[in-house]
Amino acid sequence: MPNEGTGFLPRILTIAKNAFREAVRDRILYNLILFVLLITASAVFLGELTAGQESRVIVNLGLSSILLFGAFISIFVGVSLVWKEIEKRTVYSIFSKPIGRGEFIVGKYLGLCMTLLVNVIVMGAGVSLALVYVGGGPLVWKIWGAVTLIFFELTIITAVAIMFSSFSTPALSALLTFFVFLIGHFSSSLLDLATSLGSRGAIWFFSAIYYLLPNLANFSFIANTANGDTPPTAMMGGAILYALIFDVILMAITVMIFSRRNFK
Amino acid sequence: MEYAVEIQNLTKDYETGFLRKKRVRALDDLSLNVEPGQIFGFLGGNGAGKTTTIKTLMRLQFPTSGTARILGRDINDVQMHRRIGYCPENPYFYDYLTATELMEYFGQLFGYDAAERRRKCEDLLTAVGLQEKDWKRQLRKYSKGMLQRVGLAQSLINEPEIVFMDEPMSGLDPVGRREIRELIAGLREKGTTVFMSTHILSDIEALCDRVAILRAGRLAATGDLSELLSNADGSKALEISVQGVSAAAVRDEVEFIAGATMSAKPNGVNIQILDENDIDAVLSITRKHGGRLASINPVKQSLEELFVKESAD
């Protein structure tokens with residue numbers, strides 16, 4: 001006989017674990033090999049070119065690579081995550097089971113976040129090891145504040161990618177997510193520029209962008225980390241809270257759209 | 001009585017085109033009831049609306065209008081899906097998983113513990129005839145028939161009270177079809193309702209208690225299979241099969257019987273009459289020419305004839 005079943009949380013985690021397994025078997029984590037090669041090469045060769053600046057260069061290059069590799073995965077895996085399930089009709093057997101569409105979307109999202117977490121941790125460890133190799137001193141552990149911020153930035157990009165893919169094609173979703181990633185990093189600068197220009201229309205337009213799109217500059221601490229700074233606790237807490245709020249809003253929008261979809 | 005499936009005035013329109021949107025009606029005011037414990041055959045030509053109906057019941061599509069209930073609960077009640085199973089047409093699963101992993105995954109979604117999952121997985125994969133050596137292979141290496149077997153196994157993981165099967169015999173060889181037919185018949189013995197859509201009429205004849213035939217999204221016919229097949233036009237035609245006499249020998253005399261038709265068969269003749277009072281006349285004619293009575297049977301239309309008649313536009 002059918003059992004009484006479980007609450008929604010175990011079901012979401014089951015879907016998340018499977019999404020993580022999918023990423024692993026689709027060789028998503030192979031990007032780590034490329035990253036390790038990049039960071040090893042930079043540790044060995046860049047030190048000779050930039051006398052005394054090895055640690056700074058490794059931190060800048062390493063953390064920027066973590067962000068770019070992560071953004072690449074967030075965008076390209078994120079936009080195909082749900083689309084692939086619909087296209088390959090795997091959702092047919094999922095939704096005949098007692099799974100809500102919201103549980104499915106959140107599960108898939110968490111699965112990709114788990115993949116990104118593993119990716120970011122392994123890459124962060126690679127940068128730390130490279131810093132140990134070049135005698136980076138306190139930078140070996142100081143990078144982890146910036147690594148944490150990068151991870152939370154990636155959770156937002158992933159949520160944006162999944163949201164776009166819930167109603168458009170993967171190609172368009174990837175393009176739109178890339179724009180959000182790009183504009184998100186410069187939205188406060190664009191607002192400052194509009195304010196200095198004094199045009200009311202420009203101020204209105206860039207204010208809308210600033211408040212509607214995630215302000216990803218909140219998570220940028222790469223250059224400061226290279227200078228030996230660590231993110232203040234209040235800044236870290238604020239950024240993480242900001243990411244969580246954005247994630248929840250984006251997931252809610254995605255679930256609303258996805259819950260109305262017909263699968264042909 | 002609570003119906004296993006209750007469909008009321010279900011209509012589904014699809015929008016096609018990008019700029020000039022056109023509406024195409026896939027289901028048109030479909031009403032249908034399925035009693036519990038039966039094997040219900042859902043028939044219709046390509047594009048008749050069978051898969052649309054099943055997808056709507058599985059909440060993969062939303063109806064334009066109308067309602068449907070399964071086991072007395074609305075189809076959008078997620079918890080109701082704990083009590084049902086679904087085997088999609090040409091089932092697609094996560095091809096990076098093995099059959100065991102897929103069954104484990106679905107078992108987890110139902111909240112079964114590890115021991116229960118393992119037991120169900122072994123029992124069901126064995127029941128659908130999937131060889132044990134294949135259980136640990138990734139599904140991307142499976143043939144269509146093997147995927148069909150996995151599809152059936154996963155649809156039964158929660159011991160459903162009703163299972164929906166969309167073309168369950170698709171991709172199976174004759175031996176596989178026979179095995180799955182026995183499996184489906186076994187489900188009826190356990191009291192499980194089966195709602196089955198298929199093109200394979202022999203499977204319907206062998207398995208189904210009741211059938212419904214769809215034509216262009218509308219219900220063309222429904223009822224007990226035996227009732228539908230026994231002369232839908234209400235006639236009481238009989239077929240008299242006679243051995244040891246040729247059709248040519250009796251043709252002139254049989255033609256005098258009103259409405260009688262005949263067809264030759266090896267070493268004999270089949271004579272169809274419309275009135276049972278003509279039996280004696282036929283027998284005396286054939287005996288006179290040395291014929292022996294082999295059998296007398298009511299004439300039933302075949303399911304194929306019924307299908308062609310009801311599903312033709």
# chains A, B, ... in the order shown; residues from 1 in each chain; ligands from 1
>>> interface_residues(of="chain B", to="chain A", cutoff="10 Å", atoms="only C-alpha atoms", output="ChimeraX atom specification")
/B:14,51-52,55-63,76-97,101-102,105-106,108-112,151,154-155,157-161,164
>>> atom_distance(atom1="CA of Ala114 (chain B)", atom2="CA of Ala127 (chain B)")
19.8 Å
>>> closest_atom_pairs(of="region 33-78 of chain A", to="region 105-118 of chain A", cutoff="9 Å", atoms="only C-alpha atoms", output="Markdown table")
| residue | atom | partner | partner_atom | distance |
| --- | --- | --- | --- | --- |
| A:Gly70 | CA | A:Leu116 | CA | 6.6 |
| A:Ile73 | CA | A:Leu116 | CA | 7.8 |
| A:Ser74 | CA | A:Leu116 | CA | 7.7 |
| A:Val77 | CA | A:Leu112 | CA | 8.0 |
| A:Gly78 | CA | A:Leu112 | CA | 7.4 |
>>> residues_around(residues="Ser207 (chain A)", least_positions_apart="3", cutoff="10 Å", atoms="only C-alpha atoms", output="PDB file with C-alpha atoms, in the first residue's frame")
ATOM      1  CA  SER A 187      24.244  49.230 -11.825  1.00  0.00           C
ATOM      2  CA  SER A 188      25.400  51.463  -8.936  1.00  0.00           C
ATOM      3  CA  LEU A 190      25.386  53.686 -13.853  1.00  0.00           C
ATOM      4  CA  LEU A 191      23.098  55.272 -11.245  1.00  0.00           C
ATOM      5  CA  ASP A 192      25.943  57.534 -10.093  1.00  0.00           C
ATOM      6  CA  ALA A 194      22.915  59.275 -14.322  1.00  0.00           C
ATOM      7  CA  THR A 195      22.773  61.362 -11.136  1.00  0.00           C
ATOM      8  CA  GLY A 201      14.698  60.374 -17.379  1.00  0.00           C
ATOM      9  CA  ALA A 202      18.134  58.815 -16.997  1.00  0.00           C
ATOM     10  CA  ILE A 203      17.874  58.916 -13.195  1.00  0.00           C
ATOM     11  CA  TRP A 204      14.447  57.260 -13.352  1.00  0.00           C
ATOM     12  CA  TYR A 210      19.324  49.556  -9.813  1.00  0.00           C
ATOM     13  CA  TYR A 211      16.375  48.460  -7.716  1.00  0.00           C
ATOM     14  CA  LEU A 212      14.947  45.786 -10.014  1.00  0.00           C
ATOM     15  CA  LEU A 213      18.140  43.970 -10.916  1.00  0.00           C
TER      16      LEU A 213
END
>>> residues_around(residues="Ile58 (chain A)", least_positions_apart="6", cutoff="8 Å", atoms="only C-alpha atoms", output="PDB file with N, CA and C atoms, in the first residue's frame")
ATOM      1  N   ILE A  39      45.690  27.727 -12.321  1.00  0.00           N
ATOM      2  CA  ILE A  39      46.211  28.300 -11.080  1.00  0.00           C
ATOM      3  C   ILE A  39      47.632  27.796 -10.807  1.00  0.00           C
ATOM      4  N   SER A  42      49.915  29.667 -13.135  1.00  0.00           N
ATOM      5  CA  SER A  42      50.125  31.056 -12.698  1.00  0.00           C
ATOM      6  C   SER A  42      51.028  31.111 -11.480  1.00  0.00           C
ATOM      7  N   ALA A  43      50.888  30.099 -10.572  1.00  0.00           N
ATOM      8  CA  ALA A  43      51.737  30.081  -9.378  1.00  0.00           C
ATOM      9  C   ALA A  43      53.195  29.899  -9.754  1.00  0.00           C
ATOM     10  N   VAL A 127      43.314  27.879  -4.825  1.00  0.00           N
ATOM     11  CA  VAL A 127      43.957  29.197  -4.706  1.00  0.00           C
ATOM     12  C   VAL A 127      44.770  29.248  -3.408  1.00  0.00           C
ATOM     13  N   ALA A 130      47.945  27.367  -3.875  1.00  0.00           N
ATOM     14  CA  ALA A 130      48.877  28.138  -4.706  1.00  0.00           C
ATOM     15  C   ALA A 130      49.530  29.233  -3.864  1.00  0.00           C
ATOM     16  N   LEU A 131      48.741  29.832  -2.978  1.00  0.00           N
ATOM     17  CA  LEU A 131      49.280  30.896  -2.109  1.00  0.00           C
ATOM     18  C   LEU A 131      50.298  30.324  -1.126  1.00  0.00           C
TER      19      LEU A 131
END
>>> select_by_dssp(residues="region 9-210 of chain B", states="alpha helix (DSSP H)", output="NGL selection string")
:B and (50-57 or 99-109 or 114-127 or 144-155 or 174-189 or 201-207)
>>> atom_distance(atom1="CA of Gly228 (chain A)", atom2="CA of Tyr133 (chain A)")
17.3 Å
>>> closest_residue(among="A:Ile257, A:Leu197, A:Ala161, A:Val147", to="Ser220 (chain A)", atoms="only C-alpha atoms")
A:Val147
>>> residues_around(residues="Gly184 (chain A)", least_positions_apart="3", cutoff="6 Å", atoms="only C-alpha atoms", output="list in words")
Val180, Phe181, Ser187, Pro214, Asn215 and Leu216 of chain A
>>> write_last_selection(atoms="C-alpha atoms", output="PDB file, in the first residue's frame")
ATOM      1  CA  VAL A 180      21.815  40.799 -15.684  1.00  0.00           C
ATOM      2  CA  PHE A 181      25.278  39.603 -14.600  1.00  0.00           C
ATOM      3  CA  SER A 187      24.244  49.230 -11.825  1.00  0.00           C
ATOM      4  CA  PRO A 214      20.417  42.473  -8.296  1.00  0.00           C
ATOM      5  CA  ASN A 215      23.258  44.774  -7.322  1.00  0.00           C
ATOM      6  CA  LEU A 216      26.123  42.341  -7.739  1.00  0.00           C
TER       7      LEU A 216
END
>>> residues_around(residues="Thr126 (chain B)", least_positions_apart="4", cutoff="12 Å", atoms="only C-alpha atoms", output="ChimeraX atom specification")
/B:99-100,119-122,130-135,149-150,152-153,179-180,183
>>> write_last_selection(atoms="N, CA, C and O atoms", output="compact mmCIF listing (two decimals), in the first residue's frame")
# COMPACT_ATOMS: atom_id res chain seq x y z
N ALA B 99 18.94 1.60 -13.92
CA ALA B 99 17.54 1.27 -13.59
C ALA B 99 17.35 1.24 -12.07
O ALA B 99 16.35 1.73 -11.54
N THR B 100 18.32 0.69 -11.37
CA THR B 100 18.24 0.62 -9.90
C THR B 100 18.20 2.01 -9.30
O THR B 100 17.41 2.28 -8.40
N ARG B 119 13.80 -3.61 -1.88
CA ARG B 119 12.90 -4.74 -2.12
C ARG B 119 11.98 -4.45 -3.32
O ARG B 119 11.84 -5.27 -4.22
N LYS B 120 11.41 -3.26 -3.34
CA LYS B 120 10.48 -2.89 -4.41
C LYS B 120 11.21 -2.89 -5.76
O LYS B 120 10.68 -3.34 -6.76
N CYS B 121 12.41 -2.34 -5.71
CA CYS B 121 13.21 -2.24 -6.94
C CYS B 121 13.46 -3.64 -7.52
O CYS B 121 13.20 -3.88 -8.71
N GLU B 122 13.90 -4.56 -6.67
CA GLU B 122 14.19 -5.92 -7.14
C GLU B 122 12.92 -6.61 -7.63
O GLU B 122 12.91 -7.22 -8.70
N LEU B 130 13.04 -7.47 -16.66
CA LEU B 130 14.34 -6.87 -16.96
C LEU B 130 15.42 -7.73 -16.30
O LEU B 130 15.37 -7.98 -15.10
N GLN B 131 16.37 -8.18 -17.12
CA GLN B 131 17.38 -9.09 -16.59
C GLN B 131 18.29 -8.39 -15.58
O GLN B 131 18.66 -7.23 -15.78
N GLU B 132 18.67 -9.14 -14.54
CA GLU B 132 19.42 -8.55 -13.43
C GLU B 132 20.74 -7.93 -13.88
O GLU B 132 21.19 -6.93 -13.34
N LYS B 133 21.34 -8.52 -14.92
CA LYS B 133 22.63 -8.00 -15.40
C LYS B 133 22.49 -6.57 -15.96
O LYS B 133 23.47 -5.84 -16.07
N ASP B 134 21.27 -6.21 -16.32
CA ASP B 134 21.05 -4.87 -16.90
C ASP B 134 20.68 -3.82 -15.86
O ASP B 134 20.59 -2.63 -16.19
N TRP B 135 20.43 -4.22 -14.65
CA TRP B 135 19.94 -3.29 -13.63
C TRP B 135 20.94 -2.18 -13.34
O TRP B 135 20.57 -1.08 -12.97
N ARG B 149 9.99 -1.33 -20.20
CA ARG B 149 9.87 -2.17 -19.01
C ARG B 149 10.18 -1.37 -17.75
O ARG B 149 9.50 -1.50 -16.73
N VAL B 150 11.21 -0.52 -17.83
CA VAL B 150 11.54 0.33 -16.67
C VAL B 150 10.37 1.28 -16.39
O VAL B 150 10.01 1.52 -15.23
N LEU B 152 7.25 0.79 -16.93
CA LEU B 152 6.17 0.07 -16.24
C LEU B 152 6.53 -0.18 -14.78
O LEU B 152 5.70 -0.01 -13.89
N ALA B 153 7.79 -0.55 -14.56
CA ALA B 153 8.23 -0.84 -13.18
C ALA B 153 8.08 0.40 -12.31
O ALA B 153 7.54 0.33 -11.19
N GLU B 179 4.41 -11.00 -21.85
CA GLU B 179 4.79 -10.89 -20.43
C GLU B 179 4.08 -9.70 -19.77
O GLU B 179 3.56 -9.80 -18.67
N ILE B 180 4.07 -8.57 -20.50
CA ILE B 180 3.46 -7.36 -19.92
C ILE B 180 1.94 -7.52 -19.85
O ILE B 180 1.30 -7.06 -18.91
N LEU B 183 1.31 -9.32 -16.82
CA LEU B 183 1.51 -8.42 -15.67
C LEU B 183 0.27 -7.54 -15.46
O LEU B 183 -0.20 -7.38 -14.32
>>> atom_distance(atom1="CA of Ile54 (chain B)", atom2="CA of Phe195 (chain B)")
9.0 Å
